[in-house]
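File shown: data-v4.csv (CSV, C-alpha atoms).
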chain,number,residue,atom,x,y,z
V,1,MET,CA,16.0,-8.3,-7.8
V,2,LYS,CA,17.8,-5.8,-9.9
V,3,THR,CA,17.8,-2.1,-9.0
V,4,GLN,CA,18.6,0.4,-11.6
V,5,HIS,CA,18.6,4.2,-11.7
V,6,ILE,CA,18.5,7.1,-14.2
V,7,PRO,CA,21.8,9.0,-14.4
V,8,TYR,CA,21.6,12.0,-12.1
V,9,THR,CA,23.3,15.2,-11.1
V,10,SER,CA,21.7,15.7,-7.7
V,11,LEU,CA,19.4,14.1,-5.3
V,12,LYS,CA,16.4,15.8,-6.9
V,13,THR,CA,17.0,13.8,-10.1
V,14,PRO,CA,14.5,10.8,-10.4
V,15,LYS,CA,15.5,7.5,-8.9
V,16,GLN,CA,13.9,4.3,-10.0
V,17,LEU,CA,13.6,0.9,-8.3
V,18,ALA,CA,12.2,-2.4,-9.5
V,19,PHE,CA,9.9,-4.1,-7.1
V,20,HIS,CA,8.1,-7.4,-6.6
V,21,HIS,CA,4.5,-7.8,-5.6
V,22,ASN,CA,2.4,-10.6,-4.4
V,23,VAL,CA,0.6,-10.1,-1.0
V,24,SER,CA,2.6,-6.8,-0.7
V,25,LEU,CA,4.8,-4.5,-2.8
V,26,THR,CA,8.5,-5.0,-1.9
V,27,VAL,CA,11.6,-3.3,-3.0
V,28,THR,CA,15.3,-4.2,-2.3
V,29,LEU,CA,18.0,-1.7,-1.3
V,30,THR,CA,20.9,-1.4,1.1
V,31,VAL,CA,21.3,0.2,4.5
V,32,GLY,CA,24.3,0.9,6.6
V,33,THR,CA,28.1,1.0,6.3
V,34,PRO,CA,29.2,-1.4,5.0
V,35,PRO,CA,25.9,-1.9,3.2
V,36,GLN,CA,23.4,-4.6,4.2
V,37,ASN,CA,20.7,-5.8,1.8
V,38,VAL,CA,17.2,-5.2,3.0
V,39,THR,CA,13.7,-5.9,1.5
V,40,MET,CA,11.0,-3.3,2.4
V,41,VAL,CA,7.3,-3.2,1.9
V,42,ILE,CA,6.2,0.0,0.0
V,43,ASP,CA,3.4,1.4,2.2
V,44,THR,CA,1.7,4.7,1.2
V,45,GLY,CA,-0.5,4.2,4.3
V,46,SER,CA,2.4,4.6,6.8
V,47,GLU,CA,4.8,7.2,7.9
V,48,LEU,CA,7.8,5.7,9.7
V,49,SER,CA,10.0,3.3,7.7
V,50,TRP,CA,11.4,0.5,9.9
V,51,LEU,CA,13.6,-2.5,9.8
V,52,ASN,CA,13.6,-5.7,11.9
V,53,CYS,CA,16.7,-5.4,14.1
V,54,ASN,CA,16.1,-8.5,16.1
V,55,ASN,CA,18.7,-11.1,15.1
V,56,LYS,CA,17.0,-13.7,17.3
V,57,THR,CA,13.9,-13.8,15.0
V,58,LEU,CA,13.6,-17.2,13.5
V,59,ASN,CA,13.5,-17.5,9.7
V,60,SER,CA,13.4,-13.7,9.2
V,61,THR,CA,15.8,-11.3,7.5
V,62,TYR,CA,17.0,-8.6,9.7
V,63,PHE,CA,19.3,-5.5,9.8
V,64,ASP,CA,22.2,-5.6,12.3
V,65,PRO,CA,22.9,-2.1,13.6
V,66,THR,CA,26.1,-3.3,15.4
V,67,ARG,CA,27.6,-4.0,12.0
V,68,SER,CA,27.0,-0.4,10.7
V,69,SER,CA,29.5,2.3,11.5
V,70,SER,CA,27.0,5.0,10.2
V,71,TYR,CA,24.2,3.9,12.6
V,72,ASN,CA,23.1,6.4,15.2
V,73,SER,CA,20.4,6.0,17.9
V,74,ILE,CA,18.1,9.0,18.5
V,75,ASN,CA,17.7,10.4,22.0
V,76,CYS,CA,14.2,10.9,23.4
V,77,SER,CA,15.0,14.6,24.1
V,78,SER,CA,15.8,15.1,20.4
V,79,PRO,CA,13.3,17.4,18.4
V,80,ILE,CA,12.9,14.4,16.0
V,81,CYS,CA,11.4,12.4,18.9
V,82,THR,CA,9.5,15.2,20.6
V,83,ASN,CA,8.1,17.1,17.6
V,84,GLN,CA,8.1,14.8,14.5
V,85,THR,CA,6.3,11.8,15.9
V,86,ARG,CA,3.0,13.5,16.6
V,87,ASP,CA,1.1,11.7,13.8
V,88,PHE,CA,2.2,8.3,14.9
V,89,PRO,CA,-0.6,5.9,16.1
V,90,MET,CA,0.9,6.1,19.6
V,91,PRO,CA,3.1,8.8,21.2
V,92,ALA,CA,6.8,8.2,21.3
V,93,SER,CA,8.3,7.5,24.8
V,94,CYS,CA,11.7,7.2,26.5
V,95,ASP,CA,13.2,3.7,27.0
V,96,PRO,CA,15.5,2.9,30.0
V,97,ASN,CA,18.5,4.1,28.0
V,98,ASN,CA,17.0,7.5,27.3
V,99,LEU,CA,16.4,6.5,23.6
V,100,CYS,CA,13.3,7.4,21.6
V,101,HIS,CA,10.9,4.4,21.7
V,102,VAL,CA,8.1,3.9,19.3
V,103,THR,CA,5.2,1.5,18.9
V,104,LEU,CA,3.4,1.1,15.6
V,105,THR,CA,0.1,-0.7,15.0
V,106,TYR,CA,-1.7,-1.5,11.7
V,107,ALA,CA,-5.2,-2.2,10.6
V,108,ASP,CA,-4.4,-5.9,10.0
V,109,PHE,CA,-3.5,-6.2,13.7
V,110,THR,CA,0.3,-6.4,13.1
V,111,SER,CA,2.6,-4.2,15.1
V,112,SER,CA,6.2,-3.3,15.6
V,113,GLU,CA,8.2,-1.8,18.5
V,114,GLY,CA,11.7,-0.4,18.9
V,115,ASN,CA,13.8,2.7,18.8
V,116,LEU,CA,14.3,5.6,16.4
V,117,ALA,CA,17.7,5.7,14.7
V,118,ASN,CA,19.3,7.0,11.5
V,119,ASP,CA,21.6,5.5,9.0
V,120,THR,CA,22.7,5.7,5.4
V,121,PHE,CA,20.2,4.3,2.8
V,122,ARG,CA,21.4,3.7,-0.8
V,123,VAL,CA,18.7,4.3,-3.4
V,124,GLY,CA,19.9,3.5,-6.9
V,125,SER,CA,23.5,4.8,-6.8
V,126,SER,CA,22.8,7.6,-4.3
V,127,ASP,CA,23.7,7.4,-0.6
V,128,ILE,CA,21.2,9.2,1.6
V,129,SER,CA,22.8,9.7,5.0
V,130,GLY,CA,21.0,10.4,8.3
V,131,LEU,CA,17.7,8.9,7.2
V,132,VAL,CA,15.5,8.4,10.2
V,133,PHE,CA,13.8,5.0,10.6
V,134,GLY,CA,12.7,2.6,13.3
V,135,CYS,CA,15.1,-0.2,14.4
V,136,MET,CA,12.5,-2.6,15.7
V,137,ASP,CA,13.3,-5.4,18.2
V,138,VAL,CA,9.6,-6.6,18.5
V,139,VAL,CA,7.6,-7.4,15.4
V,140,SER,CA,4.3,-9.3,15.5
V,141,SER,CA,2.5,-10.4,12.4
V,142,THR,CA,-0.7,-12.0,11.4
V,143,ASN,CA,1.0,-13.5,8.3
V,144,PRO,CA,4.4,-14.6,9.5
V,145,ASP,CA,5.2,-16.8,6.4
V,146,GLU,CA,4.9,-13.8,4.1
V,147,ASP,CA,6.3,-11.1,6.4
V,148,SER,CA,9.4,-13.2,7.3
V,149,LYS,CA,10.5,-12.6,3.7
V,150,ASN,CA,10.8,-8.9,4.3
V,151,THR,CA,13.2,-6.9,6.5
V,152,GLY,CA,10.8,-4.0,7.2
V,153,LEU,CA,8.5,-1.3,5.8
V,154,MET,CA,9.1,1.8,3.7
V,155,GLY,CA,6.7,4.5,5.0
V,156,MET,CA,5.6,6.7,2.1
V,157,ASN,CA,2.7,8.9,3.4
V,158,ARG,CA,2.8,12.6,3.8
V,159,GLY,CA,4.2,12.7,7.4
V,160,SER,CA,7.4,14.5,8.0
V,161,LEU,CA,9.4,11.3,8.8
V,162,SER,CA,8.1,9.3,5.8
V,163,PHE,CA,10.8,8.0,3.4
V,164,ILE,CA,9.6,10.3,0.6
V,165,SER,CA,9.4,13.4,2.9
V,166,GLN,CA,12.9,12.9,4.2
V,167,MET,CA,14.2,12.4,0.6
V,168,GLY,CA,12.6,15.7,-0.4
V,169,PHE,CA,11.2,14.6,-3.7
V,170,PRO,CA,8.1,16.6,-4.9
V,171,LYS,CA,6.6,13.5,-6.6
V,172,PHE,CA,6.8,9.8,-6.7
V,173,SER,CA,5.1,7.2,-8.9
V,174,TYR,CA,4.6,3.5,-9.2
V,175,CYS,CA,3.2,1.0,-11.7
V,176,ILE,CA,2.1,-2.5,-10.7
V,177,SER,CA,2.1,-5.1,-13.5
V,178,GLY,CA,-1.1,-7.1,-13.8
V,179,SER,CA,0.5,-9.9,-15.9
V,180,ASP,CA,3.4,-10.8,-13.7
V,181,PHE,CA,4.8,-10.0,-10.2
V,182,SER,CA,6.9,-7.0,-11.3
V,183,GLY,CA,6.6,-3.3,-10.7
V,184,LEU,CA,8.4,0.1,-11.0
V,185,LEU,CA,8.8,2.7,-8.3
V,186,LEU,CA,10.0,6.1,-9.5
V,187,LEU,CA,11.1,8.6,-6.9
V,188,GLY,CA,11.0,12.1,-8.4
V,189,ASP,CA,9.4,13.6,-11.5
V,190,SER,CA,8.2,11.2,-14.2
V,191,ALA,CA,7.4,13.9,-16.8
V,192,ASN,CA,9.6,12.3,-19.4
V,193,PHE,CA,7.3,9.3,-19.4
V,194,THR,CA,4.0,10.6,-18.3
V,195,ALA,CA,4.0,13.4,-21.0
V,196,THR,CA,2.6,10.6,-23.3
V,197,LEU,CA,0.0,9.3,-20.7
V,198,PRO,CA,-3.5,10.7,-20.4
V,199,LEU,CA,-3.1,11.3,-16.6
V,200,ASN,CA,-6.3,12.3,-14.8
V,201,TYR,CA,-5.8,14.0,-11.5
V,202,THR,CA,-7.9,13.9,-8.4
V,203,PRO,CA,-7.1,16.3,-5.5
V,204,LEU,CA,-5.9,15.2,-2.1
V,205,ILE,CA,-8.3,16.1,0.7
V,206,GLN,CA,-6.8,17.8,3.8
V,207,ILE,CA,-8.4,18.5,7.1
V,208,SER,CA,-6.0,20.4,9.4
V,209,THR,CA,-8.1,20.0,12.5
V,210,PRO,CA,-7.2,16.8,14.5
V,211,LEU,CA,-10.1,14.4,14.4
V,212,PRO,CA,-10.2,11.0,16.2
V,213,TYR,CA,-10.7,8.9,13.0
V,214,PHE,CA,-9.0,11.0,10.3
V,215,ASP,CA,-5.5,10.2,9.3
V,216,ARG,CA,-4.1,13.7,8.4
V,217,VAL,CA,-1.0,12.4,6.6
V,218,ALA,CA,-2.7,9.7,4.5
V,219,TYR,CA,-3.4,10.1,0.8
V,220,THR,CA,-7.0,10.9,1.1
V,221,VAL,CA,-9.2,11.4,-2.1
V,222,ASN,CA,-12.8,12.3,-2.7
V,223,LEU,CA,-14.8,9.1,-3.6
V,224,GLN,CA,-17.9,10.3,-5.3
V,225,GLY,CA,-19.6,7.1,-6.4
V,226,ILE,CA,-19.3,3.5,-7.5
V,227,LYS,CA,-20.5,2.0,-10.8
V,228,VAL,CA,-21.1,-1.7,-11.7
V,229,ASN,CA,-20.9,-2.2,-15.4
V,230,GLY,CA,-21.7,1.5,-15.9
V,231,LYS,CA,-24.7,1.4,-13.5
V,232,SER,CA,-24.3,3.9,-10.6
V,233,LEU,CA,-25.0,2.5,-7.2
V,234,PRO,CA,-27.8,4.4,-5.2
V,235,ILE,CA,-25.4,5.7,-2.6
V,236,PRO,CA,-26.0,9.1,-0.9
V,237,GLU,CA,-22.8,11.3,-1.4
V,238,SER,CA,-22.9,12.2,2.3
V,239,ILE,CA,-21.9,8.7,3.2
V,240,LEU,CA,-18.7,8.9,1.1
V,241,VAL,CA,-17.2,12.0,2.9
V,242,PRO,CA,-15.6,12.1,6.3
V,243,ASP,CA,-18.1,12.9,9.1
V,244,HIS,CA,-17.5,15.1,12.2
V,245,THR,CA,-15.2,12.5,13.7
V,246,GLY,CA,-13.2,12.0,10.6
V,247,ALA,CA,-14.6,8.6,9.9
V,248,GLY,CA,-15.3,7.8,6.2
V,249,GLN,CA,-12.1,9.1,4.6
V,250,THR,CA,-11.0,7.4,1.4
V,251,MET,CA,-7.3,6.4,1.5
V,252,VAL,CA,-5.0,5.2,-1.3
V,253,ASP,CA,-2.9,2.5,0.5
V,254,SER,CA,-0.2,0.5,-1.3
V,255,GLY,CA,0.4,-1.4,2.0
V,256,THR,CA,-3.1,-3.0,1.8
V,257,GLN,CA,-3.7,-5.8,-0.7
V,258,PHE,CA,-7.4,-5.5,-1.4
V,259,SER,CA,-10.0,-2.7,-1.1
V,260,PHE,CA,-12.4,-2.1,1.7
V,261,LEU,CA,-15.6,-0.1,1.9
V,262,LEU,CA,-17.7,1.0,4.8
V,263,GLY,CA,-20.7,-1.3,5.5
V,264,PRO,CA,-23.6,0.3,3.8
V,265,VAL,CA,-21.6,1.0,0.6
V,266,TYR,CA,-20.0,-2.5,0.6
V,267,THR,CA,-23.5,-4.0,1.0
V,268,ALA,CA,-24.8,-2.0,-2.0
V,269,LEU,CA,-21.8,-3.1,-4.2
V,270,ARG,CA,-22.1,-6.7,-3.0
V,271,ASN,CA,-25.8,-6.9,-3.8
V,272,GLU,CA,-25.4,-5.3,-7.3
V,273,PHE,CA,-22.5,-7.5,-8.2
V,274,VAL,CA,-24.4,-10.7,-7.1
V,275,ASN,CA,-27.4,-9.5,-9.1
V,276,GLN,CA,-25.4,-8.9,-12.2
V,277,THR,CA,-23.5,-12.2,-12.0
V,278,ASN,CA,-26.6,-14.3,-11.3
V,279,GLY,CA,-26.4,-17.3,-13.6
V,280,VAL,CA,-22.9,-16.5,-14.6
V,281,ILE,CA,-21.0,-17.7,-11.5
V,282,THR,CA,-22.1,-19.7,-8.4
V,283,VAL,CA,-22.1,-17.9,-5.0
V,284,LEU,CA,-20.5,-19.9,-2.2
V,285,ASP,CA,-23.4,-20.4,0.2
V,286,ASP,CA,-21.5,-20.6,3.5
V,287,ASP,CA,-22.1,-17.9,6.1
V,288,ASN,CA,-19.1,-19.1,8.1
V,289,PHE,CA,-16.6,-18.6,5.3
V,290,VAL,CA,-15.1,-15.1,5.4
V,291,PHE,CA,-11.8,-14.6,3.7
V,292,GLN,CA,-9.2,-12.4,5.6
V,293,GLY,CA,-11.9,-11.5,8.1
V,294,ALA,CA,-13.7,-9.0,5.9
V,295,MET,CA,-14.4,-10.6,2.5
V,296,ASP,CA,-17.7,-12.5,2.8
V,297,LEU,CA,-18.7,-12.7,-0.9
V,298,CYS,CA,-17.1,-15.8,-2.4
V,299,PHE,CA,-17.8,-18.0,-5.4
V,300,LYS,CA,-17.3,-21.6,-6.5
V,301,LEU,CA,-15.7,-22.4,-9.8
V,302,PRO,CA,-14.8,-25.9,-11.2
V,303,ARG,CA,-11.1,-26.7,-10.5
V,304,ASN,CA,-10.6,-27.5,-14.1
V,305,GLN,CA,-11.9,-24.1,-15.3
V,306,LEU,CA,-8.9,-21.9,-15.8
V,307,VAL,CA,-10.6,-18.9,-17.3
V,308,LEU,CA,-13.0,-16.7,-15.4
V,309,PRO,CA,-16.4,-16.0,-17.0
V,310,LYS,CA,-17.1,-12.5,-18.2
V,311,LEU,CA,-17.8,-10.3,-15.1
V,312,PRO,CA,-19.2,-6.8,-14.7
V,313,SER,CA,-16.6,-4.2,-14.1
V,314,VAL,CA,-16.5,-2.1,-11.0
V,315,SER,CA,-15.6,1.6,-11.3
V,316,LEU,CA,-14.5,3.8,-8.4
V,317,VAL,CA,-15.4,7.4,-9.3
V,318,PHE,CA,-13.2,10.1,-7.8
V,319,SER,CA,-13.3,13.8,-8.3
V,320,GLY,CA,-11.6,14.2,-11.7
V,321,ALA,CA,-10.7,10.6,-12.2
V,322,GLU,CA,-11.9,7.0,-12.3
V,323,MET,CA,-10.4,3.6,-11.4
V,324,THR,CA,-12.0,0.7,-13.2
V,325,VAL,CA,-11.5,-2.9,-11.9
V,326,SER,CA,-12.3,-5.7,-14.3
V,327,GLY,CA,-11.6,-9.3,-15.2
V,328,HIS,CA,-9.3,-11.3,-12.9
V,329,GLN,CA,-8.8,-8.3,-10.6
V,330,LEU,CA,-12.4,-8.7,-9.3
V,331,LEU,CA,-11.9,-12.2,-7.9
V,332,TYR,CA,-9.0,-13.7,-5.9
V,333,LYS,CA,-8.4,-17.5,-5.9
V,334,VAL,CA,-8.1,-18.5,-2.2
V,335,PRO,CA,-4.9,-20.5,-2.0
V,336,GLY,CA,-5.4,-24.1,-1.0
V,337,GLN,CA,-9.2,-23.7,-0.5
V,338,VAL,CA,-11.0,-26.6,-2.3
V,339,MET,CA,-14.7,-27.6,-1.8
V,340,GLY,CA,-15.4,-30.9,-3.6
V,341,ASN,CA,-14.5,-30.3,-7.2
V,342,ASP,CA,-14.5,-26.6,-6.9
V,343,SER,CA,-12.0,-23.9,-6.2
V,344,VAL,CA,-13.0,-20.9,-4.1
V,345,TYR,CA,-12.7,-17.3,-5.4
V,346,CYS,CA,-13.5,-14.3,-3.3
V,347,PHE,CA,-14.7,-10.8,-4.4
V,348,THR,CA,-11.7,-8.5,-3.9
V,349,PHE,CA,-13.7,-5.8,-2.2
V,350,GLY,CA,-14.3,-6.3,1.5
V,351,ASN,CA,-16.3,-4.8,4.4
V,352,SER,CA,-14.3,-2.2,6.5
V,353,ASP,CA,-16.7,-2.6,9.4
V,354,LEU,CA,-15.6,-6.2,9.8
V,355,LEU,CA,-12.0,-5.0,10.2
V,356,GLY,CA,-12.9,-2.3,12.6
V,357,VAL,CA,-11.6,0.3,10.2
V,358,GLU,CA,-13.6,3.6,9.9
V,359,ALA,CA,-12.5,4.3,6.3
V,360,TYR,CA,-12.6,3.4,2.7
V,361,VAL,CA,-9.2,1.8,1.6
V,362,ILE,CA,-8.1,1.4,-2.0
V,363,GLY,CA,-5.5,-1.4,-1.9
V,364,HIS,CA,-2.7,-2.2,-4.4
V,365,HIS,CA,-4.6,-5.2,-6.0
V,366,HIS,CA,-6.9,-2.7,-7.7
V,367,GLN,CA,-4.0,-0.4,-8.7
V,368,GLN,CA,-2.6,-3.0,-11.1
V,369,ASN,CA,-1.9,-1.6,-14.6
V,370,VAL,CA,-2.5,1.9,-13.4
V,371,TRP,CA,0.3,4.5,-13.4
V,372,MET,CA,-0.1,6.1,-10.0
V,373,GLU,CA,1.5,9.5,-9.6
V,374,PHE,CA,1.6,11.1,-6.1
V,375,ASP,CA,2.2,14.8,-6.7
V,376,LEU,CA,3.0,16.2,-3.2
V,377,GLU,CA,3.8,19.6,-4.6
V,378,ARG,CA,0.4,20.1,-6.1
V,379,SER,CA,-1.4,17.9,-3.6
V,380,ARG,CA,-3.0,15.5,-6.1
V,381,ILE,CA,-2.9,12.0,-7.4
V,382,GLY,CA,-2.7,11.3,-11.1
V,383,LEU,CA,-4.0,8.0,-12.6
V,384,ALA,CA,-3.6,6.6,-16.1
V,385,ASN,CA,-4.3,3.1,-17.5
V,386,VAL,CA,-1.1,1.6,-18.8
V,387,GLN,CA,0.5,-1.8,-19.3
V,388,CYS,CA,2.9,-1.7,-16.4
V,389,ASP,CA,5.2,-4.4,-17.6
V,390,LEU,CA,5.8,-2.3,-20.8
V,391,ALA,CA,6.3,0.8,-18.6
V,392,SER,CA,9.1,-1.1,-16.8
V,393,GLN,CA,10.7,-2.0,-20.1
V,394,ARG,CA,10.6,1.7,-21.1
V,395,PHE,CA,12.7,2.4,-18.1
V,396,SER,CA,14.8,-0.7,-18.6
V,397,VAL,CA,13.9,-2.0,-15.2
V,398,GLY,CA,13.3,-5.7,-14.5
V,399,PRO,CA,13.7,-8.4,-11.9

Would you mind writing the structure in this file as structure tokens?
Amino acid sequence: MKTQHIPYTSLKTPKQLAFHHNVSLTVTLTVGTPPQNVTMVIDTGSELSWLNCNNKTLNSTYFDPTRSSSYNSINCSSPICTNQTRDFPMPASCDPNNLCHVTLTYADFTSSEGNLANDTFRVGSSDISGLVFGCMDVVSSTNPDEDSKNTGLMGMNRGSLSFISQMGFPKFSYCISGSDFSGLLLLGDSANFTATLPLNYTPLIQISTPLPYFDRVAYTVNLQGIKVNGKSLPIPESILVPDHTGAGQTMVDSGTQFSFLLGPVYTALRNEFVNQTNGVITVLDDDNFVFQGAMDLCFKLPRNQLVLPKLPSVSLVFSGAEMTVSGHQLLYKVPGQVMGNDSVYCFTFGNSDLLGVEAYVIGHHHQQNVWMEFDLERSRIGLANVQCDLASQRFSVGP
């Protein structure tokens, strides 16, 4: 993985990083003194960045804090521990050594546990000293084969301890290629490039009152409707907005692979997609087969058929912008799943209710070939359709 940067005069000048994507978006950088290479999952749905610091974990990459002279543990009486962890899933606590202890849990039932610390992170050719992260000694995963390839996670939401908040950039952008496994992450203003793009902006929704099911530091947008091949689904708008408990927010989450919709909306989309593909593609008639626990609409295609039939597009309609999913992005070939002479492909929208998640989640699979600009200063997200491999070439970034 090659990391390049735009020449700069200060930390506020844009930094760019190439990333790789498959099940997750991953970027490689260095941490510590002397620098240690780490690979981190880019996650706009999380606040705290963390690294696996357990050197006893089999077949995993890890960060060794004992080898870094710039590493510092954070005391549990520190204002960072007492004041800046309030939006974490669980409150921070004191460990037996009086260090700030945190436990993080995620919607896919993975978790990590360890202590807050700070160290020097190198982004491009810039050293950022004192960046706060979690040095985790317990990491549990539901996908150990994939997660063992990564050292940790880069939290990119709006919380005060997220990577982007600590860096102090007013914007960041990314672009995920739909033709290969490359991508571009740009920290800072992308105006030199986006001036030529027809960016459409949708405002970020904020609710300051703490609600049990509302994530206040997520990138929450206003989902107004869904269309299948231009036909609007008969969904009442009231079901697309958060209720009095905060359930029903729509989050843009690069840390999730696919997209998930609350039950009634998912059912409406599922039924319409099946209706419009009747006679085009064969539904897998097996009630017991549910991919990744929440994707229960799957299809059979002959193993020798390499090209998908023409499928109806699915458009997510936001306030001021649309995201249209079409072609191969609509179906995901389940690895290793063969039934007779058929391969199995699953619809890339799932049912949030089956995950126990009280929200709509827009995953990175549906953000391919879309320039995604997160404008923190103006509290909005900009979207533009673009060939992301060409965008990476424009910035001379590649693997």

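The nearest approach to Val334 of chain V among the residues V:Phe318, V:Phe289, V:Phe374, V:Tyr266, with all atoms listed in the file taken into account, belongs to V:Phe289.
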
Give me, as JSON lines, the closest atom pair and its distance (Å, one decimal) for every residue of segment 259-289 of chain V within a cut-off of 9 Å of segment 344-365 of chain V, counting only C-alpha atoms, rows sorted by chain and rising number.
{"residue": "V:Ser259", "atom": "CA", "partner": "V:Ile362", "partner_atom": "CA", "distance": 4.6}
{"residue": "V:Phe260", "atom": "CA", "partner": "V:Gly350", "partner_atom": "CA", "distance": 4.6}
{"residue": "V:Leu261", "atom": "CA", "partner": "V:Tyr360", "partner_atom": "CA", "distance": 4.7}
{"residue": "V:Leu262", "atom": "CA", "partner": "V:Ser352", "partner_atom": "CA", "distance": 5.0}
{"residue": "V:Gly263", "atom": "CA", "partner": "V:Asn351", "partner_atom": "CA", "distance": 5.7}
{"residue": "V:Pro264", "atom": "CA", "partner": "V:Asn351", "partner_atom": "CA", "distance": 8.9}
{"residue": "V:Val265", "atom": "CA", "partner": "V:Asn351", "partner_atom": "CA", "distance": 8.7}
{"residue": "V:Tyr266", "atom": "CA", "partner": "V:Asn351", "partner_atom": "CA", "distance": 5.8}
{"residue": "V:Thr267", "atom": "CA", "partner": "V:Asn351", "partner_atom": "CA", "distance": 8.0}
{"residue": "V:Leu269", "atom": "CA", "partner": "V:Phe349", "partner_atom": "CA", "distance": 8.8}
{"residue": "V:Arg270", "atom": "CA", "partner": "V:Phe349", "partner_atom": "CA", "distance": 8.5}
{"residue": "V:Leu284", "atom": "CA", "partner": "V:Val344", "partner_atom": "CA", "distance": 7.8}

Tell me, as a list in words, which residues lie within 10 Å of Tyr71 of chain V, counting all atoms listed in the file; anything in the same chain fewer than 5 positions away does not count. Val31, Gly32, Thr33, Asp64, Pro65, Thr66, Ala117, Asn118, Asp119, Thr120, Ser129, Gly130 and Leu131 of chain V

I'd like to know which of V:Asp296, V:Asp286, V:Asp375, V:Glu237 is closest to Asp189 of chain V, using all atoms listed in the file. V:Asp375

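Between Thr110 of chain V and the residues V:Arg86, V:Arg378, V:Ser140, V:Pro34, the shortest atom-to-atom distance, using all atoms listed in the file, involves V:Ser140.
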
Per residue of segment 174-199 of chain V within 8 Å of segment 383-386 of chain V, what are the shortest atom pair and its distance in Å to one decimal, counting all atoms listed in the file, with rows by chain and residue number, as a tab-separated table?
residue	atom	partner	partner_atom	distance
V:Leu197	CA	V:Ala384	CA	6.4
V:Pro198	CA	V:Ala384	CA	5.9
V:Leu199	CA	V:Ala384	CA	4.8

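Picture a line from atom CA of Gln36 of chain V to atom CA of Gly183 of chain V; it runs 22.5 Å.
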
Expressed in Å, the length from atom CA of Pro96 of chain V to atom CA of Asn72 of chain V is 17.0 Å

Which residues come within 10 Å of Leu316 of chain V, counting only C-alpha atoms, excluding same-chain residues fewer than 2 positions away, as a ChimeraX atom specification? /V:223-228,314,318,321-325,362

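In this structure, atom CA of Ile128 of chain V sits 7.8 Å away from atom CA of Met167 of chain V.
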
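In terms of minimum interatomic distance to Ile80 of chain V, V:Val132 ranks closest within V:Pro309, V:Asp127, V:Ile42, V:Val132, counting only C-alpha atoms.
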
Find the residues near Asp87 of chain V: any atom within 10 Å, counting all atoms listed in the file, skip ones fewer than 4 places away on the same chain, and give them as a list of chain:residue names. V:Glu47, V:Leu48, V:Asn83, V:Pro91, V:Gly159, V:Ser160, V:Leu161, V:Pro210, V:Asp215, V:Arg216, V:Val217

Determine the nearest neighbour of Glu373 of chain V from the options V:Tyr174, V:Phe273, V:Phe181, V:Phe214, counting only C-alpha atoms. V:Tyr174

Who sits within 9 Å of segment 190-192 of chain V, all atoms listed in the file, same chain under 6 positions skipped, as a list in words: Pro14, Lys171, Phe172, Ser173 and Glu373 of chain V

For the residues in the current selection, export C-alpha atoms as a short mmCIF file (atom, residue, chain, number, x, y, z; two decimals), keeping the file's coordinate frame.
data_model
loop_
_atom_site.label_atom_id
_atom_site.label_comp_id
_atom_site.auth_asym_id
_atom_site.auth_seq_id
_atom_site.Cartn_x
_atom_site.Cartn_y
_atom_site.Cartn_z
CA PRO V 14 14.50 10.80 -10.40
CA LYS V 171 6.60 13.50 -6.60
CA PHE V 172 6.80 9.80 -6.70
CA SER V 173 5.10 7.20 -8.90
CA GLU V 373 1.50 9.50 -9.60
#

Test item: residues at most 10 Å from Met339 of chain V, only C-alpha atoms, excluding those fewer than 2 positions along its chain, as a list in words: Leu284, Lys300, Leu301, Pro302, Arg303, Gly336, Gln337, Asn341, Asp342, Ser343 and Val344 of chain V

Would you output that residue set with C-alpha atoms, as a compact mmCIF listing (two decimals), keeping the file's coordinate frame?
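Result saved to selection.txt:
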# COMPACT_ATOMS: atom_id res chain seq x y z
CA LEU V 284 -20.50 -19.90 -2.20
CA LYS V 300 -17.30 -21.60 -6.50
CA LEU V 301 -15.70 -22.40 -9.80
CA PRO V 302 -14.80 -25.90 -11.20
CA ARG V 303 -11.10 -26.70 -10.50
CA GLY V 336 -5.40 -24.10 -1.00
CA GLN V 337 -9.20 -23.70 -0.50
CA ASN V 341 -14.50 -30.30 -7.20
CA ASP V 342 -14.50 -26.60 -6.90
CA SER V 343 -12.00 -23.90 -6.20
CA VAL V 344 -13.00 -20.90 -4.10

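If you measure from each of V:Ser254, V:Asn229, V:Ser165, V:Thr26 to Thr44 of chain V using only C-alpha atoms, the closest one turns out to be V:Ser254.
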